[in-house]
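S.K.: One structure follows; several queries about it will come next.
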Amino acid sequence: MLDGPLTSEDGRPASFRDEIVSSWRRCKLVGVAHAGEDVPYQPNFERPNRLLRAAGPVIDRLAEQLLGSPVSILLADSDAQIIDRRPGSPKLAQALDRAMVAPGFHYAEEYTGTNGVGSALEERRPFVVSGPEHFRDNLQQFTCIGSPLRHPITGSTEGVLDVTCRVDETQELLKPLVLAAVREIESRIYADASRREQMLLDHFLRAGRRSSTAVVTLNEDVVIANTAASGLLDLSDQAMLWEWACRLLGNRDECNGEVRLAHDVVVLARATRVGEPGATAGVVVEMRPRPRAPSPPAAVGPRTRRDPGDNAHGQLAGRSIATARLREDVDAAIAAGGPLLVCGEVGTGKLFVATHLYRRRADGEPLTVLDARASHDDPVAWMGRLTSSVTSGATVVLRHLDELVPRLAARVAGVVEQAAPTRLLATGRARGGHDEASRVLDHFPISITVAPLRYRAEDIADLVPALLAPDAPGRPTPRLQPGTLRTLTSLDWPGNVRELRAVLTTAAVRSLGSDIAHEHLPPEYRSPRSRSGCTSLQRAERDIVIEALAEARGNKQAAAERLGIARSTLYRKMRLLGIDKNRLPINQ
């Protein structure tokens with residue numbers, strides 16, 4: 001069944017047949033390519049690298065001491081993904097390969113049930129799983145002893161150290177061995193963190209002495225800012241600045257560029273890497289507000305926070321290029337007048353944009369929202385409501401107009417042609433359909449498009465308060481911790497803003513009104529799937545593959561045939577483009 005072992009001599013995952021992937025339905029495979037082979041750059045890889053840096057020498061020594069013994073050492077990150085494996089004997093390595101206990105596989109409990117890695121993470125304590133205590137049959141030949149690795153300063157769980165052997169070769173000394181190794185790794189994490197934080201502080205003080213600008217020094221855990229930077233930065237800006245610096249720096253030590261912060265504040269920023277070669281401790285970012293011609297640069301000082309509701313009659317929330325373009329399109333559409341069509345994928349917020357347009361055009365006048373999906377239940381009554389609403393002079397929003405019952409298409413097109421130009425708005429997925437309902441969209445001379453959330457991940461920081469504020473009237477709106485924002489901005493959001501709102505609502509309930517931490521997110525949203533390293537061409541290719549999979553309802557063979565490629569090529573592209581087969585958009 002296998003072409004060869006899952007791991008090569010250097011411990012990295014090797015190639016395997018597509019049948020293995022399709023049969024391993026409950027276990028995710030990520031990062032199977034060798035380093036440097038089309039693996040997208042992900043800022044979140046800093047955390048596993050930090051763990052490897054602290055645990056590597058300890059594991060090297062243990063592996064040398066256990067060489068030839070029937071024991072394997074496993075290291076997993078905080079998402080239960082195995083990132084290192086040291087089998088004591090070739091025979092045990094082959095058994096682990098067959099059970100797919102190898103670097104690149106996730107062993108979180110939600111995927112594989114009870115096991116030494118995932119259960120230790122869930123319980124946050126040393127955990128022993130032996131034989132039939134494992135949920136999966138192919139793991140029941142092993143005894144696994146796992147213990148979480150905690151950051152001594154922050155208290156966060158960095159990963160799991162696990163020792164695995166066959167059930168009949170279990171020894172009582174293995175658990176003390178694991179605990180002693182964990183203590184040593186945690187002490188190394190502490191020393192490494194203290195050294196990195198000292199480096200950050202030194203560079204921060206040095207930058208502050210030579211410059212009167214806003215200075216912030218940060219990494220994934222620590223933020224140090226002077227008074228000017230504190231006045232500029234919102235909590236959401238910390239994670240965004242870290243991702244921006246990581247993306248632009250790449251292999252360089254310094255970069256310059258414009259950064260759009262919260263509340264539409266644009267700064268000119270310079271980022272400088274802090275750390276030793278191959279071991280980034282963080283970055284120093286020096287910022288100046290961008291001058292606004294013809295006025296001189298505004299003085300940097302504390303800003304008054306705007307209420308999320310301010311955008312209802314003003315600008316749409318978001319700092320991305322796509323949202324800036326949408327604002328321009330909205331302004332142009334209002335100036336032009338005429339029936340207006342708002343296009344976009346399912347869940348992008350088309351109805352919100354249409355309502356925003358109505359408020360900008362004729363706030364205070366009657367508004368009627370008619371869902372064209374309801375026309376299938378009672379076409380005559382639905383058409384009567386449309387006619388009476390238009391006749392009464394109300395502004396009408398025709399939602400999901402491309403899903404209108406076909407026999408009403410000609411009559412609705414006639415109403416559109418005769419209605420007052422500024423009184424009719426509609427939403428739909430896109431022009432260009434060939435059915436009768438889709439052709440009605442062509443009767444709207446002006447259209448604007450709302451971009452998918454995956455193309456405007458920078459907007460998430462600004463969307464959070466707007467989405468959560470209605471659920472917390474009279475109370476402070478929960479905010480995202482920087483680590484939580486980093487995770488959310490790395491996801492693909494096939495359900496767009498609608499999906500984001502559902503996740504945020506769930507997390508806000510779990511946080512009990514406090515700031516939303518990583519553990520408050522639903523479990524399936526805690527593993528970042530970064531897309532920040534993708535080029536525009538890769539994102540376009542990714543969308544095409546996702547669309548084919550969605551149209552084929554997840555059937556890989558059918559999707560491959562639609563794309564004109566082999567099924568094995570489709571699997572390879574899914575891995576390289578970071579496509580999760582369990583979270584595909586549904587065509588509606």
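We label chains A, B, ... in the order they appear in the structure tokens, count residues from 1 in each chain, and number ligands from 1 in the order shown.
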Going by DSSP on the backbone, which bits of range 83-115 of chain A are strand (DSSP E)? Write them as a ChimeraX atom specification, please.
M.R.: /A:83-87
S.K.: Convert the current residue selection to file output with C-alpha atoms, as an mmCIF file, in the first residue's frame.
M.R.:
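Contents of the output file out-v4.cif:
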```
data_model
loop_
_atom_site.group_PDB
_atom_site.id
_atom_site.type_symbol
_atom_site.label_atom_id
_atom_site.label_comp_id
_atom_site.auth_asym_id
_atom_site.auth_seq_id
_atom_site.Cartn_x
_atom_site.Cartn_y
_atom_site.Cartn_z
ATOM 1 C CA ILE A 83 6.842 18.506 14.496
ATOM 2 C CA ASP A 84 9.646 16.095 15.460
ATOM 3 C CA ARG A 85 10.000 12.338 15.921
ATOM 4 C CA ARG A 86 12.988 10.262 17.097
ATOM 5 C CA PRO A 87 12.333 6.501 16.964
#
```
S.K.: Among the residues of range 19-184 of chain A, find those DSSP assigns to helix (DSSP H, G or I) from the backbone and print them as number ranges by chain.
M.R.: A: 19-23, 43-65, 90-98, 109-112, 116-123, 131-133, 137-139, 167-169, 174-184
S.K.: Contacts of Leu149 in chain A at 6 Å or less, counting only C-alpha atoms, minus same-chain residues fewer than 2 places along, as a PyMOL selection string?
M.R.: chain A and resi 157-160
S.K.: Kindly export the residues of the current selection with N, CA, C and O atoms, as a PDB file, in the first residue's frame.
M.R.:
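out.pdb, written as the output of this step:
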```pdb
ATOM      1  N   THR A 157       0.426  27.043  26.834  1.00  0.00           N
ATOM      2  CA  THR A 157       0.923  25.721  26.473  1.00  0.00           C
ATOM      3  C   THR A 157       1.642  25.799  25.133  1.00  0.00           C
ATOM      4  O   THR A 157       1.037  26.147  24.124  1.00  0.00           O
ATOM      5  N   GLU A 158       2.931  25.477  25.141  1.00  0.00           N
ATOM      6  CA  GLU A 158       3.751  25.579  23.943  1.00  0.00           C
ATOM      7  C   GLU A 158       3.694  24.315  23.091  1.00  0.00           C
ATOM      8  O   GLU A 158       3.919  24.358  21.888  1.00  0.00           O
ATOM      9  N   GLY A 159       3.422  23.178  23.710  1.00  0.00           N
ATOM     10  CA  GLY A 159       3.405  21.923  22.972  1.00  0.00           C
ATOM     11  C   GLY A 159       3.340  20.741  23.919  1.00  0.00           C
ATOM     12  O   GLY A 159       2.967  20.873  25.095  1.00  0.00           O
ATOM     13  N   VAL A 160       3.713  19.575  23.411  1.00  0.00           N
ATOM     14  CA  VAL A 160       3.669  18.329  24.189  1.00  0.00           C
ATOM     15  C   VAL A 160       4.914  17.511  23.885  1.00  0.00           C
ATOM     16  O   VAL A 160       5.312  17.380  22.717  1.00  0.00           O
TER      17      VAL A 160
END
```
S.K.: Compare A:Leu96, A:Val58, A:Ala335, A:Leu200 by their minimum atom-to-atom distance to Arg188 in chain A, counting only C-alpha atoms, and give me the closest one.
M.R.: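 Closest candidate: A:Val58.
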S.K.: Please identify all polymer residues within 9 Å of Gly318 in chain A, counting only C-alpha atoms, omitting same-chain residues fewer than 2 positions from it, and present them as a list in words.
M.R.: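 Result of the neighbour search: Ala262, His263, Asp264, Gln315, Leu316, Ser320, Ile321, Ala322, Thr323, Ala324, Arg456, Glu458, Asp459, Ile460, Ala461, Asp462 and Leu463 of chain A.
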S.K.: Keeping only C-alpha atoms, take the residues you just selected and write them out as a compact mmCIF listing (two decimals), in the first residue's frame.
M.R.:
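Dumped to selection01.txt:
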```txt
# COMPACT_ATOMS: atom_id res chain seq x y z
CA ALA A 262 -7.35 51.26 13.10
CA HIS A 263 -9.74 54.17 12.51
CA ASP A 264 -8.14 54.90 9.09
CA GLN A 315 -17.85 54.99 6.13
CA LEU A 316 -17.96 51.22 5.94
CA SER A 320 -8.04 47.04 3.40
CA ILE A 321 -7.54 48.19 -0.18
CA ALA A 322 -10.67 46.25 -1.16
CA THR A 323 -12.79 48.12 1.38
CA ALA A 324 -11.31 51.47 0.37
CA ARG A 456 -9.53 41.71 3.07
CA GLU A 458 -6.97 43.30 7.45
CA ASP A 459 -10.62 44.34 7.94
CA ILE A 460 -11.25 41.73 10.65
CA ALA A 461 -9.86 43.98 13.39
CA ASP A 462 -12.36 46.70 12.42
CA LEU A 463 -15.27 44.32 11.81
```
S.K.: Just the residues within 6 Å of Ala394 in chain A, please, counting only C-alpha atoms, with nothing from its chain fewer than 2 positions along; format it as a PyMOL selection string.
M.R.: chain A and resi 366-367+389-390+392
S.K.: Any idea what's packed within 10 Å of Lys175 in chain A, counting only C-alpha atoms, ignoring anything in its chain fewer than 6 positions away? Could you give it as a list in words?
M.R.: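 Skipping anything fewer than 6 positions along the chain leaves Pro126, Phe127, Val128, Cys144, Ile145, Gly146, Ser147, Asp162, Val163 and Ala181 of chain A.
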S.K.: Do you know which residues are at most 7 Å from Gln140 in chain A counting only C-alpha atoms, after dropping those on the same chain fewer than 3 positions away, and could you put them as a list in words?
M.R.: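 Non-adjacent residues within range: Ser130, Gly131, Pro132, His134, Arg136 and Asp137 of chain A.
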